[in-house]
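Notes for the one structure printed next.
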Amino acid sequence: MSSLRGRLLLAGRLVPGTVRIEGGAIRAVEPEPDADGSHLPVIAPGLVDLHVHGYGGADPIADLAGMSLALARAGTTAFQPTLFPEAPALLGATAERIWAAARKLDGGAHVMGLHLEGPFVNPERAGALQPEDLAVPSVEALRAILGPATGSGRGVRTMTLAPELAGSADLVAELVRSGVRVSLGHSLATAAQARSAARAGAVGATHLFNAMGPLHHREVGLAGCALTESALFAELIGDLVHVGPDAVALALAARGPAGLCLVSDALSGAGTGCDTFHCNGREHHIHDGAAWFGGPDEPRLGGSASGQLDQVRRLVGAGVVSLEEALTMAAETPARALGLEGEFGRLAVGARADLIQLAGPDLQLEQVWVAGVRA
């Protein structure tokens, strides 16, 4: 049995104590609330990323194993590989191939299922998605993606869709029946349309504020619904480029860390130190932790160029959130969003021994454990 002593993230607070791990699981958590832990490193659950397209020069299609290892070394120990849209039959085949590769992984971050960002989203809010790869919502097109049963054979765990599109209500019903999480995004939905989808079983909002209608005082739209609807776990990109500090503070005040999931939305160039890289058919340039595409006269914001832990450092360093809040948003809340909080995202007896150790004011990553094994 291995023992780690530090300031443990327990129920949203950092408490001095010891965690003991054995056989890939946490066997004991021993808080010492009266001890002076100011000199101790932070021991937190491994981070859980619900929305990540690539990292460390790798992506799910070309090198899932490399992406998994790179994420683990950066403190993200579980993730949903996120796929860009393509024609439904092709997307289904891609998902099946990636899920088969995921089940063969040995070491690295755990794949919790796939996140399909489309193709049933609004072309007017495509954002960085290629408009020509989007599809009209229909149950037949959805079945071409999921396959003949539930989607579990292809590993689909989450799908982003726009609830205002004709036919989307049928997709929400079919996805819920199939056991696939529905996340609302890339959308011009009104608040009423978003709430209707939530009542029908939608459980998420994809990258809050980004690729959705603006928050207006007479029509708050999907963003306003995500800020007030407890049924929706709201993703939030924390690079402070996709969402400014004041908007992050607004989201935190409205939902608290228990309602927000810090996601990287990272592309393959993240974590490499490069300035330029190719992803999803485009050349991207990295500036200030974000990836941009398009010409120099009209650059457009794509995904992020930073991982979850980098974003935790940014948010905490800017004084936007506390360390406890940022780590909760990056670990426990995403695990809860997937219904897997008993196994991931918490320092609790019986949970997987996925942990990170951070030291110093700059939150240097000293050690990572994945299922009790040092990464």
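Ordering of the structure tokens sets the chain letters (A, B, ...); residue numbers start at 1 within each chain; ligands are numbered from 1 in the order shown.
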- [ ] For Cys261 of chain A, work out the shell of residues within 12 Å, counting only C-alpha atoms and skipping chain neighbours fewer than 4 positions away, then give it as a PyMOL selection string.
- [x] chain A and resi 47-51+204-208+226+232-238+248+251-252+255-257+265+308+312+325-338+345
Print the selection's residues with C-alpha atoms to a file, as an mmCIF file, in the first residue's frame.
```cif
data_model
loop_
_atom_site.group_PDB
_atom_site.id
_atom_site.type_symbol
_atom_site.label_atom_id
_atom_site.label_comp_id
_atom_site.auth_asym_id
_atom_site.auth_seq_id
_atom_site.Cartn_x
_atom_site.Cartn_y
_atom_site.Cartn_z
ATOM 1 C CA LEU A 47 -8.602 15.745 -13.979
ATOM 2 C CA VAL A 48 -11.509 14.643 -16.192
ATOM 3 C CA ASP A 49 -11.908 16.305 -19.608
ATOM 4 C CA LEU A 50 -15.326 16.005 -21.266
ATOM 5 C CA HIS A 51 -14.299 17.870 -24.422
ATOM 6 C CA GLY A 204 -25.231 19.406 -20.783
ATOM 7 C CA ALA A 205 -24.357 22.712 -22.436
ATOM 8 C CA THR A 206 -21.342 22.592 -24.751
ATOM 9 C CA HIS A 207 -18.670 25.263 -24.118
ATOM 10 C CA LEU A 208 -20.874 27.845 -22.436
ATOM 11 C CA ALA A 226 -27.384 27.023 -18.911
ATOM 12 C CA LEU A 232 -27.587 21.092 -17.429
ATOM 13 C CA PHE A 233 -23.910 20.658 -16.588
ATOM 14 C CA ALA A 234 -22.271 23.586 -18.368
ATOM 15 C CA GLU A 235 -18.883 23.116 -20.013
ATOM 16 C CA LEU A 236 -16.560 26.099 -19.653
ATOM 17 C CA ILE A 237 -13.282 26.604 -21.539
ATOM 18 C CA GLY A 238 -10.877 28.099 -19.027
ATOM 19 C CA VAL A 248 -16.320 33.179 -15.949
ATOM 20 C CA ALA A 251 -21.022 31.618 -14.580
ATOM 21 C CA LEU A 252 -19.441 30.746 -11.250
ATOM 22 C CA ARG A 255 -23.922 27.816 -11.032
ATOM 23 C CA GLY A 256 -21.056 27.378 -8.583
ATOM 24 C CA PRO A 257 -18.280 24.845 -9.176
ATOM 25 C CA ASP A 265 -11.458 21.942 -25.940
ATOM 26 C CA GLN A 308 -6.980 21.446 -18.210
ATOM 27 C CA VAL A 312 -6.566 25.794 -13.794
ATOM 28 C CA GLU A 325 -13.115 25.734 -7.200
ATOM 29 C CA ALA A 326 -10.943 25.222 -10.280
ATOM 30 C CA LEU A 327 -9.937 21.673 -9.300
ATOM 31 C CA THR A 328 -13.539 20.764 -8.483
ATOM 32 C CA MET A 329 -14.654 22.044 -11.892
ATOM 33 C CA ALA A 330 -11.883 20.058 -13.583
ATOM 34 C CA ALA A 331 -12.362 16.742 -11.763
ATOM 35 C CA GLU A 332 -15.398 16.053 -9.586
ATOM 36 C CA THR A 333 -18.027 17.961 -11.553
ATOM 37 C CA PRO A 334 -17.173 16.384 -14.936
ATOM 38 C CA ALA A 335 -17.227 12.940 -13.315
ATOM 39 C CA ARG A 336 -20.653 13.744 -11.836
ATOM 40 C CA ALA A 337 -21.821 14.930 -15.253
ATOM 41 C CA LEU A 338 -21.084 11.434 -16.546
ATOM 42 C CA GLY A 345 -12.969 12.711 -9.869
#
```
Open item on the list: Need the shell around Leu10 of chain A: protein/DNA/RNA residues with any atom at most 12 Å away, counting only C-alpha atoms. Skip same-chain ones fewer than 2 positions apart. Format as JSON, numbers by chain?
Closed with: {"A": [6, 7, 8, 12, 13, 14, 15, 16, 17, 18, 19, 29, 30, 31, 32, 33, 42, 43, 44, 45, 324, 325, 327, 328, 331, 332, 345, 346, 347, 348, 349]}
Could you pull the residues within 10 Å of segment 99-103 of chain A, counting only C-alpha atoms, minus those fewer than 5 positions along the same chain, as a short mmCIF file (atom, residue, chain, number, x, y, z; two decimals) with N, CA and C atoms, in the first residue's frame?
```
data_model
loop_
_atom_site.label_atom_id
_atom_site.label_comp_id
_atom_site.auth_asym_id
_atom_site.auth_seq_id
_atom_site.Cartn_x
_atom_site.Cartn_y
_atom_site.Cartn_z
N PRO A 60 -7.50 11.72 -31.62
CA PRO A 60 -8.12 10.39 -31.48
C PRO A 60 -8.05 9.54 -32.74
N ILE A 61 -8.09 10.18 -33.91
CA ILE A 61 -8.13 9.41 -35.15
C ILE A 61 -6.75 8.88 -35.51
N ASP A 63 -3.82 8.94 -33.50
CA ASP A 63 -2.97 8.36 -32.45
C ASP A 63 -3.65 8.51 -31.10
N LEU A 64 -4.67 7.68 -30.85
CA LEU A 64 -5.38 7.75 -29.58
C LEU A 64 -4.47 7.39 -28.41
N ALA A 65 -3.61 6.41 -28.60
CA ALA A 65 -2.70 6.01 -27.53
C ALA A 65 -1.75 7.15 -27.16
N SER A 68 -3.67 9.77 -25.24
CA SER A 68 -3.95 9.29 -23.89
C SER A 68 -2.74 9.45 -22.98
N PRO A 81 -12.59 11.56 -25.80
CA PRO A 81 -12.09 12.03 -27.09
C PRO A 81 -13.25 12.64 -27.88
N ALA A 93 -18.54 4.99 -38.50
CA ALA A 93 -17.39 4.10 -38.72
C ALA A 93 -16.16 4.60 -37.97
N THR A 94 -15.96 5.92 -37.97
CA THR A 94 -14.83 6.50 -37.23
C THR A 94 -14.96 6.22 -35.74
N HIS A 110 -7.67 7.32 -19.04
CA HIS A 110 -8.78 6.41 -19.33
C HIS A 110 -9.78 7.06 -20.28
N VAL A 111 -10.21 6.35 -21.31
CA VAL A 111 -11.22 6.85 -22.24
C VAL A 111 -12.60 6.53 -21.66
N MET A 112 -13.39 7.57 -21.40
CA MET A 112 -14.68 7.40 -20.74
C MET A 112 -15.83 7.30 -21.74
N GLY A 113 -15.53 7.23 -23.00
CA GLY A 113 -16.53 7.27 -24.06
C GLY A 113 -16.24 8.44 -24.97
N LEU A 114 -16.89 8.46 -26.12
CA LEU A 114 -16.63 9.48 -27.12
C LEU A 114 -17.65 10.61 -27.03
N SER A 152 -23.42 2.02 -27.60
CA SER A 152 -22.36 1.54 -26.72
C SER A 152 -21.31 0.75 -27.49
N GLY A 153 -21.72 0.09 -28.58
CA GLY A 153 -20.75 -0.65 -29.38
C GLY A 153 -19.78 0.25 -30.10
N ARG A 154 -20.13 1.52 -30.22
CA ARG A 154 -19.25 2.50 -30.84
C ARG A 154 -18.75 3.53 -29.83
N GLY A 155 -19.04 3.32 -28.57
CA GLY A 155 -18.47 4.13 -27.51
C GLY A 155 -19.02 5.53 -27.39
N VAL A 156 -20.13 5.83 -28.06
CA VAL A 156 -20.67 7.19 -28.02
C VAL A 156 -21.32 7.44 -26.66
#
```
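Excluding Leu83 of chain A itself and any same-chain residue fewer than 5 positions from it, the protein and nucleic acid residues within 7 Å of it, counting only C-alpha atoms, are His53, His115, Leu116 and Glu117 of chain A.
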Just write the chosen residues, C-alpha atoms, as an mmCIF file, in the first residue's frame.
```cif
data_model
loop_
_atom_site.group_PDB
_atom_site.id
_atom_site.type_symbol
_atom_site.label_atom_id
_atom_site.label_comp_id
_atom_site.auth_asym_id
_atom_site.auth_seq_id
_atom_site.Cartn_x
_atom_site.Cartn_y
_atom_site.Cartn_z
ATOM 1 C CA HIS A 53 -9.965 17.024 -29.641
ATOM 2 C CA HIS A 115 -18.047 12.984 -27.446
ATOM 3 C CA LEU A 116 -19.456 13.759 -30.899
ATOM 4 C CA GLU A 117 -19.549 17.528 -31.438
#
```
Open item on the list: Among segment 112-301 of chain A, which ones does DSSP assign to strand (DSSP E) (computed from the backbone)? Answer as a PyMOL selection string.
Closed with: chain A and resi 114-117+156-161+181-184+204-205+233-237+260-263+276-279+282-287+290-293+300-301
- [ ] Step one, run DSSP on the backbone; step two, keep only residues of segment 81-168 of chain A assigned to helix (DSSP H, G or I); then write them as a ChimeraX atom specification.
- [x] /A:88-102,123-125,131-133,139-146,152-154,168
Okay, now the selection with C-alpha atoms, as a short mmCIF file (atom, residue, chain, number, x, y, z; two decimals), in the first residue's frame?
```cif
data_model
loop_
_atom_site.label_atom_id
_atom_site.label_comp_id
_atom_site.auth_asym_id
_atom_site.auth_seq_id
_atom_site.Cartn_x
_atom_site.Cartn_y
_atom_site.Cartn_z
CA PRO A 88 -23.24 10.24 -40.45
CA ALA A 89 -22.17 6.86 -41.85
CA LEU A 90 -18.52 7.95 -41.90
CA LEU A 91 -18.76 9.33 -38.36
CA GLY A 92 -20.23 6.06 -37.14
CA ALA A 93 -17.39 4.10 -38.72
CA THR A 94 -14.83 6.50 -37.23
CA ALA A 95 -16.39 6.16 -33.77
CA GLU A 96 -16.38 2.38 -34.01
CA ARG A 97 -12.70 2.35 -34.99
CA ILE A 98 -11.66 4.71 -32.20
CA TRP A 99 -13.67 2.85 -29.58
CA ALA A 100 -12.03 -0.41 -30.60
CA ALA A 101 -8.63 1.26 -30.15
CA ALA A 102 -9.70 2.67 -26.77
CA PRO A 123 -24.79 26.05 -39.41
CA GLU A 124 -25.23 29.66 -38.27
CA ARG A 125 -23.30 28.81 -35.11
CA PRO A 131 -20.22 23.73 -42.20
CA GLU A 132 -20.12 21.25 -45.07
CA ASP A 133 -19.76 18.38 -42.58
CA VAL A 139 -33.42 9.45 -36.58
CA GLU A 140 -32.11 7.59 -39.64
CA ALA A 141 -28.95 9.72 -39.71
CA LEU A 142 -28.51 9.23 -35.98
CA ARG A 143 -28.83 5.45 -36.32
CA ALA A 144 -26.12 5.55 -39.01
CA ILE A 145 -23.84 7.05 -36.35
CA LEU A 146 -24.81 4.96 -33.34
CA SER A 152 -22.36 1.54 -26.72
CA GLY A 153 -20.75 -0.65 -29.38
CA ARG A 154 -19.25 2.50 -30.84
CA SER A 168 -33.99 17.61 -32.98
#
```
Per residue of segment 300-334 of chain A within 12 Å of segment 275-288 of chain A, record the nearest atom pair and its distance in Å to one decimal, counting only C-alpha atoms, with rows in chain order and ascending residue number, as CSV.
```
residue,atom,partner,partner_atom,distance
A:Arg300,CA,A:His284,CA,9.5
A:Leu301,CA,A:His284,CA,9.3
A:Gly302,CA,A:His284,CA,7.9
A:Gly303,CA,A:His284,CA,9.3
A:Ser304,CA,A:Ile286,CA,8.6
A:Ala305,CA,A:Ile286,CA,6.6
A:Ser306,CA,A:Asp288,CA,9.2
A:Asp310,CA,A:Asp288,CA,11.6
A:Gln311,CA,A:Asp288,CA,11.5
A:Arg314,CA,A:Asp288,CA,10.8
```
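With only C-alpha atoms as the atoms that count, the residue of A:Gly23, A:Gly75, A:Gly307, A:Pro137 with the shortest distance to Thr272 of chain A is A:Gly307.
The shortest atom-to-atom distance to Asp59 of chain A, with only C-alpha atoms taken into account, belongs to A:Ser268 out of A:Thr82, A:Ser322, A:Ser268, A:Thr158.
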- [ ] For Leu188 of chain A, work out the shell of residues within 9 Å, counting only C-alpha atoms and skipping chain neighbours fewer than 4 positions away, then give it as a list in words.
- [x] Asn122, Glu124, Arg125, Ala162, Pro163, Glu164, Ala211, Met212, Gly213, Pro214, Gly221 and Leu222 of chain A
Taking N, CA and C atoms for each residue, export the selection above as a tab-separated table (two decimals), in the first residue's frame.
```
chain	number	residue	atom	x	y	z
A	122	ASN	N	-26.40	23.86	-35.55
A	122	ASN	CA	-26.88	24.95	-36.39
A	122	ASN	C	-25.73	25.52	-37.23
A	124	GLU	N	-25.46	28.25	-38.59
A	124	GLU	CA	-25.23	29.66	-38.27
A	124	GLU	C	-24.39	29.84	-37.02
A	125	ARG	N	-24.18	28.77	-36.27
A	125	ARG	CA	-23.30	28.81	-35.11
A	125	ARG	C	-22.30	27.65	-35.19
A	162	ALA	N	-28.09	20.96	-31.63
A	162	ALA	CA	-28.80	22.23	-31.50
A	162	ALA	C	-30.29	21.94	-31.37
A	163	PRO	N	-30.91	22.26	-30.24
A	163	PRO	CA	-32.30	21.83	-30.01
A	163	PRO	C	-33.33	22.57	-30.83
A	164	GLU	N	-32.96	23.69	-31.45
A	164	GLU	CA	-33.95	24.46	-32.21
A	164	GLU	C	-34.16	23.92	-33.61
A	211	ALA	N	-20.13	29.74	-29.46
A	211	ALA	CA	-20.93	29.14	-30.52
A	211	ALA	C	-22.39	29.00	-30.12
A	212	MET	N	-22.91	30.01	-29.42
A	212	MET	CA	-24.34	30.05	-29.10
A	212	MET	C	-24.78	31.50	-29.13
A	213	GLY	N	-26.09	31.71	-29.14
A	213	GLY	CA	-26.60	33.07	-29.19
A	213	GLY	C	-26.19	33.87	-27.97
A	214	PRO	N	-26.17	35.19	-28.10
A	214	PRO	CA	-25.74	36.04	-26.98
A	214	PRO	C	-26.80	36.08	-25.88
A	221	GLY	N	-31.62	33.08	-24.14
A	221	GLY	CA	-31.11	32.03	-25.01
A	221	GLY	C	-30.55	30.83	-24.26
A	222	LEU	N	-29.79	30.03	-24.99
A	222	LEU	CA	-29.19	28.83	-24.41
A	222	LEU	C	-28.23	29.19	-23.29
```
- [ ] Give the answer as one residue: which of A:Ala318, A:Ala109, A:Leu363, A:Leu358 has the shortest atom-to-atom distance to Gly244 of chain A, using only C-alpha atoms?
- [x] A:Ala318
Task: Shell of 10 Å around Gln364 of chain A, only C-alpha atoms, local chain residues under 3 positions omitted, as a PyMOL selection string - done: chain A and resi 41-42+309+313+357-361+367
Export, as a PDB file, in the first residue's frame, the selected residues with C-alpha atoms.
```pdb
ATOM      1  CA  PRO A  41       1.730  19.713  -1.720  1.00  0.00           C
ATOM      2  CA  VAL A  42      -1.800  19.579  -3.089  1.00  0.00           C
ATOM      3  CA  LEU A 309      -4.194  21.960 -15.685  1.00  0.00           C
ATOM      4  CA  ARG A 313      -3.320  27.748 -13.404  1.00  0.00           C
ATOM      5  CA  GLN A 357       0.322  16.144  -6.906  1.00  0.00           C
ATOM      6  CA  LEU A 358       0.889  19.883  -7.292  1.00  0.00           C
ATOM      7  CA  ALA A 359       3.503  21.977  -5.532  1.00  0.00           C
ATOM      8  CA  GLY A 360       4.301  25.634  -5.063  1.00  0.00           C
ATOM      9  CA  PRO A 361       2.465  28.799  -6.032  1.00  0.00           C
ATOM     10  CA  GLN A 367       3.459  13.384  -9.859  1.00  0.00           C
TER      11      GLN A 367
END
```
